[in-house]
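File shown: data21.txt. Contents: compact mmCIF, C-alpha atoms.
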# COMPACT_ATOMS: atom_id res chain seq x y z
CA MET A 1 144.05 41.44 134.98
CA SER A 2 141.17 40.33 137.15
CA VAL A 3 138.85 43.29 137.65
CA PRO A 4 136.67 41.50 140.29
CA HIS A 5 139.70 40.72 142.46
CA ALA A 6 141.15 44.21 142.01
CA LEU A 7 137.85 45.66 143.25
CA LEU A 8 137.80 43.24 146.18
CA ALA A 9 141.34 44.38 147.05
CA LEU A 10 140.25 48.04 147.03
CA LEU A 11 137.24 47.19 149.20
CA ALA A 12 139.50 45.34 151.66
CA GLU A 13 140.62 48.83 152.78
CA GLY A 14 137.07 49.84 153.67
CA ALA A 15 133.62 50.54 152.21
CA LYS A 16 133.59 52.62 148.99
CA TYR A 17 131.32 54.01 146.29
CA GLY A 18 131.58 52.75 142.69
CA LEU A 19 133.02 55.97 141.32
CA ARG A 20 135.78 56.01 143.87
CA LEU A 21 136.59 52.37 143.05
CA GLN A 22 137.00 53.31 139.40
CA ASN A 23 139.35 56.21 140.21
CA GLU A 24 141.43 54.16 142.60
CA PHE A 25 141.69 51.23 140.20
CA GLU A 26 143.09 53.44 137.47
CA SER A 27 145.50 55.37 139.65
CA ARG A 28 146.87 52.25 141.31
CA THR A 29 147.49 50.38 138.08
CA GLY A 30 149.55 53.28 136.79
CA GLU A 31 146.58 54.34 134.60
CA VAL A 32 147.69 51.71 132.14
CA TRP A 33 144.42 49.81 132.33
CA PRO A 34 141.49 52.17 131.86
CA LEU A 35 138.22 50.92 133.36
CA ASN A 36 134.84 52.49 132.66
CA VAL A 37 132.37 53.03 135.45
CA GLY A 38 129.75 50.78 133.82
CA GLN A 39 132.23 47.90 134.05
CA VAL A 40 132.73 48.68 137.73
CA TYR A 41 128.99 48.49 138.49
CA THR A 42 128.43 45.32 136.46
CA THR A 43 131.30 43.67 138.32
CA LEU A 44 130.00 44.86 141.70
CA GLN A 45 126.55 43.47 140.86
CA ARG A 46 128.06 40.07 140.12
CA LEU A 47 130.18 40.14 143.27
CA GLU A 48 127.08 41.01 145.32
CA ARG A 49 125.11 38.17 143.70
CA ASP A 50 127.90 35.76 144.67
CA GLY A 51 127.97 37.06 148.26
CA LEU A 52 131.48 38.47 148.00
CA VAL A 53 130.43 42.08 148.60
CA GLU A 54 127.38 43.72 150.13
CA SER A 55 125.92 47.19 149.73
CA ASP A 56 123.80 49.46 151.86
CA GLY A 57 120.50 50.84 150.69
CA ALA A 58 118.43 50.05 147.63
CA GLY A 59 118.71 53.44 145.86
CA GLU A 60 120.62 54.43 142.73
CA ARG A 61 123.74 52.38 142.12
CA SER A 62 125.89 55.49 142.38
CA GLN A 63 124.47 56.10 145.88
CA LYS A 64 125.40 52.67 147.18
CA ARG A 65 128.44 52.02 149.32
CA TYR A 66 129.98 48.59 148.88
CA ARG A 67 131.89 46.56 151.44
CA ILE A 68 133.71 43.26 151.23
CA THR A 69 132.20 40.20 153.03
CA ALA A 70 134.12 37.46 154.87
CA ALA A 71 133.59 35.19 151.84
CA GLY A 72 134.92 38.00 149.61
CA ALA A 73 138.06 38.38 151.73
CA GLN A 74 138.60 34.64 151.57
CA ALA A 75 138.19 34.64 147.77
CA LEU A 76 140.64 37.55 147.49
CA TYR A 77 143.39 35.96 149.57
CA GLY A 78 142.92 32.66 147.76
CA TRP A 79 143.30 34.42 144.39
CA LEU A 80 146.46 36.28 145.46
CA ARG A 81 148.16 32.98 146.27
CA THR A 82 147.05 31.13 143.14
CA PRO A 83 149.89 31.17 140.58
CA PRO A 84 148.80 32.32 137.13
CA ASP A 85 148.75 29.67 134.42
CA LEU A 86 152.33 29.40 133.15
CA VAL A 87 151.96 26.18 131.14
CA PRO A 88 151.30 25.38 128.37
CA PRO A 89 153.34 28.25 126.87
CA PRO A 90 151.47 30.81 124.79
CA ARG A 91 151.78 30.51 121.03
CA ASP A 92 154.65 32.87 120.52
CA GLU A 93 154.50 34.58 117.14
CA LEU A 94 158.16 35.51 117.24
CA VAL A 95 159.32 31.96 117.97
CA ILE A 96 157.15 30.70 115.13
CA LYS A 97 158.57 33.29 112.71
CA VAL A 98 162.14 32.34 113.56
CA LEU A 99 161.38 28.62 113.21
CA VAL A 100 159.74 29.29 109.84
CA ALA A 101 162.73 31.39 108.74
CA LEU A 102 165.03 28.47 109.55
CA GLN A 103 163.30 26.47 106.83
CA ILE A 104 163.77 29.03 104.06
CA PRO A 105 166.86 28.51 101.91
CA GLY A 106 169.27 31.40 101.60
CA ILE A 107 167.56 33.64 104.12
CA ASP A 108 169.70 35.88 106.36
CA ILE A 109 168.28 34.72 109.64
CA ARG A 110 170.58 36.91 111.72
CA GLU A 111 169.22 39.95 109.95
CA ILE A 112 165.71 38.79 110.83
CA LEU A 113 166.74 38.34 114.47
CA GLN A 114 168.20 41.86 114.42
CA VAL A 115 164.97 43.40 113.09
CA HIS A 116 163.11 41.93 116.06
CA ARG A 117 165.87 42.82 118.51
CA ARG A 118 165.84 46.45 117.40
CA HIS A 119 162.07 46.62 117.59
CA ALA A 120 161.98 45.15 121.10
CA ILE A 121 164.61 47.61 122.30
CA GLU A 122 162.76 50.54 120.73
CA VAL A 123 159.66 49.56 122.70
CA MET A 124 161.84 49.19 125.82
CA GLN A 125 163.12 52.74 125.31
CA ARG A 126 159.53 53.96 125.47
CA TYR A 127 158.79 52.08 128.71
CA THR A 128 162.03 53.39 130.16
CA GLN A 129 160.86 56.92 129.31
CA VAL A 130 157.67 56.20 131.23
CA LYS A 131 159.75 55.08 134.19
CA ALA A 132 162.15 58.03 133.94
CA ALA A 133 159.23 60.47 133.96
CA ALA A 134 157.31 58.74 136.77
CA SER A 135 157.30 60.41 140.16
CA GLU A 136 159.12 58.57 142.94
CA ASN A 137 155.84 57.87 144.71
CA ASP A 138 154.19 56.26 141.71
CA VAL A 139 155.29 52.73 142.53
CA ALA A 140 152.40 51.20 140.56
CA LEU A 141 153.45 52.84 137.30
CA VAL A 142 157.10 51.88 137.81
CA LEU A 143 156.14 48.26 138.55
CA VAL A 144 153.97 48.08 135.43
CA ALA A 145 156.83 49.50 133.32
CA ASP A 146 159.28 47.08 134.99
CA ALA A 147 157.05 44.12 134.15
CA GLU A 148 156.98 45.07 130.47
CA LEU A 149 160.71 45.80 130.45
CA PHE A 150 161.59 42.40 131.93
CA ARG A 151 159.26 40.66 129.48
CA LEU A 152 160.84 42.48 126.52
CA GLU A 153 164.32 41.88 127.88
CA ALA A 154 163.57 38.16 127.94
CA ILE A 155 162.70 38.40 124.23
CA VAL A 156 165.98 40.16 123.47
CA ARG A 157 167.91 37.55 125.46
CA TRP A 158 166.16 34.78 123.57
CA LEU A 159 167.09 36.46 120.27
CA ASP A 160 170.70 36.79 121.47
CA ALA A 161 170.80 33.13 122.42
CA ALA A 162 169.30 32.14 119.05
CA ASP A 163 171.97 34.24 117.34
CA VAL A 164 174.76 32.45 119.20
CA ARG A 165 173.26 29.00 118.60
CA LEU A 166 172.86 29.63 114.88
CA ARG A 167 176.40 30.96 114.63
CA GLN A 168 177.66 27.72 116.19
CA LEU A 169 175.90 25.59 113.57
CA PRO A 170 178.39 24.14 111.06
CA SER A 171 176.06 24.90 108.13
CA SER A 172 172.35 25.33 107.51
CA PRO A 173 170.94 21.81 107.03
CA PRO A 174 167.22 22.65 107.33
CA ALA A 175 167.24 24.64 104.08
CA HIS A 176 168.87 21.72 102.26
CA GLU A 177 166.44 19.18 103.65
CA ALA A 178 163.55 21.39 102.62
CA ASP A 179 164.43 20.69 98.98
CA THR A 180 163.86 16.96 99.31
CA SER A 181 161.40 16.62 102.11
CA PRO A 182 158.07 18.41 102.10
CA GLN A 183 157.46 17.39 105.71
CA PRO A 184 157.32 20.13 108.29
CA ALA A 185 159.99 20.38 110.93
CA PRO A 186 159.43 18.20 113.99
CA ALA A 187 157.32 19.82 116.62
CA VAL A 188 159.37 21.79 119.10
CA GLU A 189 158.41 21.33 122.68
CA VAL A 190 158.94 24.47 124.65
CA SER A 191 159.25 24.06 128.36
CA GLN A 192 159.45 26.81 130.92
CA MET B 1 179.05 73.22 116.14
CA THR B 2 181.33 70.21 116.39
CA SER B 3 180.15 66.87 117.74
CA ALA B 4 181.42 65.66 121.10
CA LEU B 5 182.69 62.48 119.48
CA GLU B 6 183.08 61.41 115.90
CA LEU B 7 184.50 58.16 114.58
CA ARG B 8 185.19 58.14 110.85
CA ARG B 9 185.79 54.78 109.19
CA VAL B 10 187.65 53.53 112.22
CA SER B 11 189.22 50.08 111.96
CA LYS B 12 191.29 48.16 114.46
CA VAL B 13 193.33 45.11 113.58
CA TYR B 14 195.18 43.03 116.15
CA GLY B 15 198.07 40.77 115.10
CA SER B 16 199.11 40.15 111.53
CA GLY B 17 199.08 37.44 108.87
CA PRO B 18 196.98 34.37 109.60
CA SER B 19 196.41 35.41 113.23
CA GLU B 20 195.05 38.79 112.19
CA VAL B 21 191.86 39.80 114.01
CA HIS B 22 189.65 42.61 112.76
CA ALA B 23 188.18 43.98 115.98
CA LEU B 24 186.59 46.98 114.25
CA SER B 25 185.91 47.49 110.54
CA GLU B 26 185.21 50.97 109.20
CA VAL B 27 183.01 52.11 112.04
CA ASP B 28 181.30 55.48 111.73
CA LEU B 29 179.77 56.96 114.87
CA LEU B 30 178.61 60.45 115.74
CA VAL B 31 177.68 61.45 119.28
CA GLU B 32 176.31 64.91 119.95
CA ARG B 33 176.50 66.88 123.19
CA GLY B 34 173.63 65.96 125.45
CA GLU B 35 173.15 62.62 123.72
CA LEU B 36 173.43 59.25 125.43
CA VAL B 37 174.29 56.43 123.05
CA ALA B 38 174.37 52.75 124.00
CA VAL B 39 176.50 50.28 122.09
CA MET B 40 175.25 46.69 122.16
CA GLY B 41 176.61 43.54 120.65
CA PRO B 42 177.62 39.99 121.50
CA SER B 43 180.97 39.13 123.11
CA GLY B 44 183.78 39.80 120.67
CA SER B 45 181.74 42.24 118.58
CA GLY B 46 184.21 45.06 119.24
CA LYS B 47 182.21 47.06 121.81
CA SER B 48 185.01 47.57 124.30
CA THR B 49 187.58 48.23 121.57
CA LEU B 50 185.34 50.97 120.22
CA LEU B 51 185.22 52.58 123.65
CA THR B 52 188.96 52.43 124.32
CA ILE B 53 189.68 53.91 120.89
CA ALA B 54 187.09 56.66 121.42
CA GLY B 55 188.78 57.45 124.73
CA SER B 56 192.28 57.45 123.16
CA LEU B 57 193.37 54.65 125.46
CA GLU B 58 194.19 52.71 122.30
CA GLN B 59 194.97 53.81 118.75
CA ALA B 60 192.93 52.95 115.68
CA SER B 61 194.69 51.06 112.87
CA SER B 62 193.02 53.38 110.40
CA GLY B 63 190.34 56.05 110.33
CA GLN B 64 189.89 59.16 112.40
CA VAL B 65 188.73 59.81 115.96
CA LEU B 66 187.62 63.35 116.74
CA VAL B 67 186.89 64.48 120.29
CA ASP B 68 185.29 67.94 120.36
CA GLY B 69 186.34 68.31 116.75
CA VAL B 70 190.01 67.61 117.51
CA ASP B 71 191.55 64.73 115.55
CA LEU B 72 193.37 62.64 118.14
CA ALA B 73 196.03 61.70 115.56
CA SER B 74 196.90 65.38 115.07
CA VAL B 75 197.89 66.04 118.68
CA SER B 76 200.99 64.95 120.58
CA ARG B 77 200.90 62.09 123.07
CA SER B 78 201.12 64.51 125.98
CA ASP B 79 198.22 66.54 124.59
CA GLN B 80 196.25 63.33 124.17
CA ALA B 81 196.93 62.54 127.82
CA MET B 82 195.70 66.01 128.75
CA MET B 83 192.51 65.50 126.72
CA ARG B 84 191.95 62.21 128.51
CA ARG B 85 192.20 63.98 131.85
CA ARG B 86 190.25 67.12 130.98
CA SER B 87 187.67 66.20 128.36
CA ILE B 88 186.91 62.52 128.84
CA GLY B 89 185.48 60.69 131.84
CA TYR B 90 185.64 56.91 132.12
CA VAL B 91 183.48 54.54 134.12
CA PHE B 92 184.62 50.95 134.23
CA GLN B 93 182.83 47.75 135.07
CA ASP B 94 185.00 47.10 138.11
CA PHE B 95 184.93 50.75 139.24
CA ASN B 96 188.77 51.04 139.33
CA LEU B 97 188.88 53.10 142.51
CA LEU B 98 192.27 53.33 144.20
CA PRO B 99 191.94 51.42 147.48
CA GLY B 100 194.42 53.56 149.45
CA LEU B 101 192.50 56.78 148.79
CA THR B 102 189.23 57.96 150.31
CA ALA B 103 186.17 58.47 148.11
CA LEU B 104 186.91 62.21 148.03
CA GLU B 105 190.57 61.69 147.15
CA ASN B 106 189.61 59.32 144.36
CA VAL B 107 187.38 62.03 142.89
CA THR B 108 189.91 64.86 143.25
CA LEU B 109 192.66 62.76 141.64
CA PRO B 110 191.99 63.66 137.98
CA LEU B 111 191.98 67.38 138.87
CA GLU B 112 195.16 67.06 140.89
CA LEU B 113 196.87 65.19 138.08
CA ASP B 114 195.94 68.15 135.96
CA GLY B 115 197.75 70.55 138.28
CA VAL B 116 194.83 71.73 140.44
CA ARG B 117 195.86 72.02 144.10
CA ALA B 118 194.32 69.47 146.46
CA ARG B 119 192.49 72.15 148.46
CA ALA B 120 191.01 73.72 145.34
CA ALA B 121 189.95 70.32 143.97
CA ARG B 122 188.08 69.52 147.17
CA ALA B 123 185.02 71.71 146.61
CA PRO B 124 184.04 70.47 143.12
CA ALA B 125 184.75 66.88 144.19
CA LEU B 126 182.48 67.19 147.21
CA GLN B 127 179.82 68.76 145.03
CA ALA B 128 180.03 65.86 142.56
CA LEU B 129 179.72 63.35 145.42
CA GLU B 130 176.75 65.24 146.84
CA GLU B 131 175.01 65.31 143.46
CA LEU B 132 175.32 61.53 143.46
CA ASN B 133 174.01 61.23 147.03
CA VAL B 134 177.29 59.97 148.48
CA GLY B 135 178.51 63.25 149.97
CA ASP B 136 178.37 61.68 153.43
CA ARG B 137 180.74 58.93 152.31
CA ALA B 138 183.51 61.33 151.23
CA ASP B 139 185.98 60.22 153.91
CA ARG B 140 185.36 56.50 153.56
CA PHE B 141 187.76 54.15 151.77
CA PRO B 142 186.46 52.06 148.86
CA ASP B 143 186.36 48.86 150.91
CA GLU B 144 184.03 50.61 153.37
CA LEU B 145 181.50 51.38 150.63
CA SER B 146 178.74 49.24 149.12
CA GLY B 147 178.88 48.30 145.44
CA GLY B 148 176.33 50.98 144.55
CA GLU B 149 178.25 53.64 146.52
CA ARG B 150 181.55 52.67 144.89
CA GLN B 151 179.98 53.03 141.46
CA ARG B 152 178.61 56.48 142.38
CA VAL B 153 182.08 57.56 143.45
CA ALA B 154 183.46 56.25 140.14
CA ILE B 155 180.85 58.28 138.25
CA ALA B 156 181.62 61.38 140.33
CA ARG B 157 185.27 60.96 139.34
CA ALA B 158 184.25 60.63 135.69
CA ILE B 159 182.08 63.75 135.57
CA ILE B 160 184.15 66.14 137.70
CA GLY B 161 185.54 69.21 135.98
CA GLU B 162 184.50 70.28 132.52
CA ARG B 163 184.34 66.89 130.89
CA GLY B 164 182.16 66.80 127.82
CA LEU B 165 182.45 63.11 127.02
CA LEU B 166 181.61 60.24 129.30
CA LEU B 167 182.60 56.71 128.29
CA ALA B 168 181.25 53.79 130.27
CA ASP B 169 182.04 50.10 129.81
CA GLU B 170 179.35 47.90 131.41
CA PRO B 171 179.03 50.59 134.10
CA THR B 172 176.55 48.74 136.26
CA GLY B 173 178.94 45.83 136.79
CA ALA B 174 177.48 43.30 139.14
CA LEU B 175 174.87 45.63 140.63
CA ASP B 176 171.29 44.39 140.95
CA SER B 177 168.75 45.74 138.47
CA VAL B 178 167.44 48.56 140.68
CA ASN B 179 170.94 49.85 141.56
CA GLY B 180 171.97 49.36 137.93
CA GLU B 181 169.05 51.52 136.94
CA SER B 182 170.13 54.32 139.25
CA VAL B 183 173.54 54.33 137.55
CA MET B 184 171.78 54.78 134.22
CA ARG B 185 169.64 57.57 135.69
CA LEU B 186 172.85 59.34 136.69
CA LEU B 187 174.32 58.99 133.19
CA ARG B 188 171.01 60.22 131.78
CA ALA B 189 171.16 63.24 134.12
CA ALA B 190 174.72 63.96 132.98
CA ALA B 191 173.48 63.92 129.37
CA HIS B 192 170.72 66.38 130.33
CA ARG B 193 173.44 68.72 131.53
CA GLY B 194 175.00 68.56 128.07
CA VAL B 195 177.54 65.76 128.48
CA ALA B 196 177.80 63.29 125.63
CA GLY B 197 177.78 59.69 126.82
CA VAL B 198 178.65 56.35 125.26
CA VAL B 199 177.70 53.26 127.24
CA VAL B 200 178.78 49.81 126.23
CA THR B 201 176.46 47.12 127.56
CA HIS B 202 175.03 43.74 126.73
CA GLU B 203 171.92 44.41 128.81
CA ALA B 204 168.88 45.60 126.89
CA GLN B 205 167.30 47.24 129.95
CA LEU B 206 170.33 49.44 130.49
CA ALA B 207 170.62 50.23 126.80
CA SER B 208 167.00 51.35 126.80
CA TRP B 209 167.99 54.40 128.88
CA ALA B 210 169.92 55.70 125.88
CA ASP B 211 168.61 58.10 123.24
CA ARG B 212 170.01 55.79 120.59
CA VAL B 213 171.19 52.20 120.57
CA VAL B 214 173.88 51.17 118.10
CA PHE B 215 174.32 47.47 117.33
CA LEU B 216 177.76 46.06 116.61
CA ARG B 217 178.45 42.67 115.08
CA ASP B 218 181.84 41.33 114.05
CA GLY B 219 183.34 44.80 114.40
CA ARG B 220 180.78 46.52 112.20
CA VAL B 221 177.84 48.75 112.98
CA VAL B 222 174.94 46.71 111.62
CA ASP B 223 171.94 48.64 112.88
CA GLN B 224 170.68 51.34 115.20
CA THR B 225 167.40 52.35 116.78
CA SER B 226 165.44 55.32 115.51
CA ALA B 227 164.25 58.01 117.89
CA PRO B 228 161.52 56.59 120.13
CA PRO B 229 158.08 58.18 119.58
CA GLY B 230 157.58 58.96 123.26
CA PRO B 231 155.77 57.25 126.11
CA GLU B 232 152.28 58.64 125.37
CA SER B 233 151.82 56.09 122.59
CA LEU B 234 152.20 53.26 125.12
CA LEU B 235 149.43 54.50 127.35
CA ALA B 236 147.19 54.80 124.29
CA ALA B 237 148.04 51.17 123.50
CA GLY B 238 146.65 50.31 126.94
CA ASP B 239 143.17 51.30 125.75
CA ARG B 240 143.07 48.31 123.46
CA ARG B 241 143.60 45.78 126.23

Output the file's structure in the form of structure tokens.
Amino acid sequence: MSVPHALLALLAEGAKYGLRLQNEFESRTGEVWPLNVGQVYTTLQRLERDGLVESDGAGERSQKRYRITAAGAQALYGWLRTPPDLVPPPRDELVIKVLVALQIPGIDIREILQVHRRHAIEVMQRYTQVKAAASENDVALVLVADAELFRLEAIVRWLDAADVRLRQLPSSPPAHEADTSPQPAPAVEVSQ
Amino acid sequence: MTSALELRRVSKVYGSGPSEVHALSEVDLLVERGELVAVMGPSGSGKSTLLTIAGSLEQASSGQVLVDGVDLASVSRSDQAMMRRRSIGYVFQDFNLLPGLTALENVTLPLELDGVRARAARAPALQALEELNVGDRADRFPDELSGGERQRVAIARAIIGERGLLLADEPTGALDSVNGESVMRLLRAAAHRGVAGVVVTHEAQLASWADRVVFLRDGRVVDQTSAPPGPESLLAAGDRR
């Protein structure tokens, strides 16, 4: 989450005080990302230094109204269109655990997959409760819950696919090879 | 108080000898009134068999199935048929609406089959359609309805009358995720009114609407979720970001 760009987006609607920016940030992100007012002022100071916002008056920071500059608007629209970094993939702890489990002789890998599947679905149940309780107008909260639900669903689908692939294996050769070869498994390249 | 649905060591075997297939093996399942349970599992895990046996559309090879405390094996075939009409509502993946009947007629059908006169069946059917926001589509035929509307009509048909048990097999069919979600909201609402629901699905997002998720593998219940701790804990987790 880019706080500077979120503040620029809020200022694109019109000039605002720091406190109001804090309130609006929290309400529009479904109150999932709390932001303290000190962080708001530090960010505004940096944005002002870089010429992306300007303020009126030289009084107390809480008395200043901030507005976005043309350069700020340009920076904001540029950021919105810049895709987030999707490659290289993050080091995924779950993928690593499953790959490690594959190397251990006699382990019930499907039981391990099920532990993670159950856990992911339990977390999904909680996000679904958030969504079920959200008011119809609270689009931000629903979108945040959706994002987490789709991410967790992808994990469950990956676990399901792993389950099917392992079931289709004729036997479990990695465990056997582990007896004779101390070398680690070949690096797995994950592409998206 | 009896449970809405209880399966006791239910097994189902198809075929015999070398071609024997164990679709279900000693499955125990308890569903209380007001509870929504999702059943998940890979293809061939026995999910749909479990649902058809729970709904008395198929008989178990062994074990007991109790609906509202009544052992299905202890009642005659005609009484079983009556239970299917009066106590159990079904929602299928492909909706199964009769194309020659209007939405309203599709919904009144189970009541009429049960001896209620068409005129008398009209009011509760209209009410069910209205609750599902398709009251204004009552006189349309299924082919004049969108996928989401057809599924709402199918759910209205499943919940009409005094049904205490709702069984749904992949009830969101080919609907997109937002329309699929509204189907789950409707099932959730039915559970709030005290109906017990069992939903078979392979989609984790849909299953997450349930109070409890039961996992089937090779015809056996291998795992289930525990009660979720509530959404507040997630918002607290947000503080750490």

**Spatial neighbours of Ala121 in chain B, 7 Å, only C-alpha atoms, chain gap at least 4 places, as a list of chain:residue names** =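 The residues satisfying every condition are B:Thr108, B:Leu111, B:Glu112, B:Val116, B:Arg117, B:Ala125.
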
**Minimum-distance residue to Gln224 in chain B, chosen among A:Ala73, A:Ala154, A:Ile121, A:Leu99 (using all atoms listed in the file)** =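 Using all atoms listed in the file, the shortest distance to Gln224 in chain B belongs to A:Ile121.
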
**Message:** Residues proximal to (169.8, 57.8, 121.5) were defined as those with any atom within 6 Å of that point in the file's coordinates, counting all atoms listed in the file. Which are they, as an NGL selection string?
**Reply:** :B and (36-37 or 210-213)

**Prompt:** Please, what distance in Å, to one decimal, runs between CA of Asn179 in chain B and CA of Gly148 in chain B?
**Reply:**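 Separating CA of Asn179 in chain B from CA of Gly148 in chain B is a distance of 6.3 Å.
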
**Item:** Long-range neighbours of Pro142 in chain B as an MDAnalysis selection string, 9 Å cut-off, all atoms listed in the file, 6 positions minimum in chain
**Value:** chainID B and resid 97:103 149:150 153

Convert the current residue selection to file output with C-alpha atoms, as an mmCIF file, in the coordinates of the input.
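The resulting part_31.cif:
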data_model
loop_
_atom_site.group_PDB
_atom_site.id
_atom_site.type_symbol
_atom_site.label_atom_id
_atom_site.label_comp_id
_atom_site.auth_asym_id
_atom_site.auth_seq_id
_atom_site.Cartn_x
_atom_site.Cartn_y
_atom_site.Cartn_z
ATOM 1 C CA LEU B 97 188.880 53.100 142.510
ATOM 2 C CA LEU B 98 192.270 53.330 144.200
ATOM 3 C CA PRO B 99 191.940 51.420 147.480
ATOM 4 C CA GLY B 100 194.420 53.560 149.450
ATOM 5 C CA LEU B 101 192.500 56.780 148.790
ATOM 6 C CA THR B 102 189.230 57.960 150.310
ATOM 7 C CA ALA B 103 186.170 58.470 148.110
ATOM 8 C CA GLU B 149 178.250 53.640 146.520
ATOM 9 C CA ARG B 150 181.550 52.670 144.890
ATOM 10 C CA VAL B 153 182.080 57.560 143.450
#

**Prompt:** Which of these, B:Thr225, B:Ile160, B:Pro110, B:Leu66, has the shortest distance to Leu30 in chain B once you count all atoms listed in the file?
**Reply:**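 The shortest atom-to-atom distance to Leu30 in chain B comes from B:Leu66.
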
Please return, as a PDB file with C-alpha atoms, in the coordinates of the input, all residues of chain A lying within 8 Å of chain B when only C-alpha atoms are considered.
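What landed in iface.pdb:
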ATOM      1  CA  GLU A  31     146.580  54.340 134.600  1.00  0.00           C
ATOM      2  CA  VAL A  32     147.690  51.710 132.140  1.00  0.00           C
ATOM      3  CA  TRP A  33     144.420  49.810 132.330  1.00  0.00           C
ATOM      4  CA  PRO A  34     141.490  52.170 131.860  1.00  0.00           C
ATOM      5  CA  GLN A 114     168.200  41.860 114.420  1.00  0.00           C
ATOM      6  CA  ARG A 118     165.840  46.450 117.400  1.00  0.00           C
ATOM      7  CA  HIS A 119     162.070  46.620 117.590  1.00  0.00           C
ATOM      8  CA  ILE A 121     164.610  47.610 122.300  1.00  0.00           C
ATOM      9  CA  GLU A 122     162.760  50.540 120.730  1.00  0.00           C
ATOM     10  CA  VAL A 123     159.660  49.560 122.700  1.00  0.00           C
ATOM     11  CA  MET A 124     161.840  49.190 125.820  1.00  0.00           C
ATOM     12  CA  GLN A 125     163.120  52.740 125.310  1.00  0.00           C
ATOM     13  CA  ARG A 126     159.530  53.960 125.470  1.00  0.00           C
ATOM     14  CA  TYR A 127     158.790  52.080 128.710  1.00  0.00           C
ATOM     15  CA  THR A 128     162.030  53.390 130.160  1.00  0.00           C
ATOM     16  CA  GLN A 129     160.860  56.920 129.310  1.00  0.00           C
ATOM     17  CA  VAL A 130     157.670  56.200 131.230  1.00  0.00           C
ATOM     18  CA  ALA A 132     162.150  58.030 133.940  1.00  0.00           C
ATOM     19  CA  LEU A 149     160.710  45.800 130.450  1.00  0.00           C
ATOM     20  CA  PHE A 150     161.590  42.400 131.930  1.00  0.00           C
ATOM     21  CA  GLU A 153     164.320  41.880 127.880  1.00  0.00           C
ATOM     22  CA  VAL A 156     165.980  40.160 123.470  1.00  0.00           C
ATOM     23  CA  ASP A 160     170.700  36.790 121.470  1.00  0.00           C
TER      24      ASP A 160
END

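For the set A:Ile109, A:Leu11, A:Val95, A:Leu102, the residue with the smallest atom-to-atom gap to Ile68 in chain A is A:Leu11, counting only C-alpha atoms.
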
**Asked** B:Ser19, B:Ser56, B:Ser45, B:Ser11: which is nearest Gly219 in chain B, counting all atoms listed in the file?
**Response** B:Ser45

**Request:** Quick one: everything within 6 Å of range 88-94 of chain B, counting all atoms listed in the file, minus sequence neighbours fewer than 2 positions away in the same chain. Send it as a list in words.
**Result:**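 Skipping anything fewer than 2 positions along the chain leaves Arg84, Asn96, Ala158, Ile159, Arg163, Leu165, Leu166, Leu167, Ala168, Asp169, Glu170, Pro171 and Gly173 of chain B.
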
**Message:** Just the number, please: distance in Å from CA of Ser62 in chain B to CA of Leu24 in chain B, one decimal.
**Reply:** 9.9 Å

**Asked** By how many Å are CA of Leu51 in chain B and CA of Arg8 in chain B apart?
**Response** 14.0 Å

**Who sits within 9 Å of range 52-64 of chain A, only C-alpha atoms, same chain under 4 positions skipped, as a PyMOL selection string** = chain A and resi 8+11+15-19+41+44-48+68-75

**Message:** My list of candidates is B:Ala4, B:Leu113, B:Val178, B:Leu186. Which is closest to Glu131 in chain B when distances are computed with all atoms listed in the file?
**Reply:**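 Of all the options, B:Leu186 lies closest to Glu131 in chain B.
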
**Prompt:** Looking at all atoms listed in the file, which of B:Glu6, B:Glu32, B:Glu162, B:Asp139 is the one that sits closest to Gly69 in chain B?
**Reply:**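 Answer, going by the shortest atom-to-atom distance: B:Glu6.
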
List as a PDB file with C-alpha atoms, keeping the file's coordinate frame the residues having at least one atom at most 7 Å from position (188.6, 55.6, 111.0) as given in the file, counting all atoms listed in the file.
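Saved file result.pdb follows:
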ATOM      1  CA  LEU B   7     184.500  58.160 114.580  1.00  0.00           C
ATOM      2  CA  ARG B   8     185.190  58.140 110.850  1.00  0.00           C
ATOM      3  CA  ARG B   9     185.790  54.780 109.190  1.00  0.00           C
ATOM      4  CA  VAL B  10     187.650  53.530 112.220  1.00  0.00           C
ATOM      5  CA  SER B  11     189.220  50.080 111.960  1.00  0.00           C
ATOM      6  CA  GLU B  26     185.210  50.970 109.200  1.00  0.00           C
ATOM      7  CA  VAL B  27     183.010  52.110 112.040  1.00  0.00           C
ATOM      8  CA  ALA B  60     192.930  52.950 115.680  1.00  0.00           C
ATOM      9  CA  SER B  62     193.020  53.380 110.400  1.00  0.00           C
ATOM     10  CA  GLY B  63     190.340  56.050 110.330  1.00  0.00           C
ATOM     11  CA  GLN B  64     189.890  59.160 112.400  1.00  0.00           C
ATOM     12  CA  VAL B  65     188.730  59.810 115.960  1.00  0.00           C
TER      13      VAL B  65
END
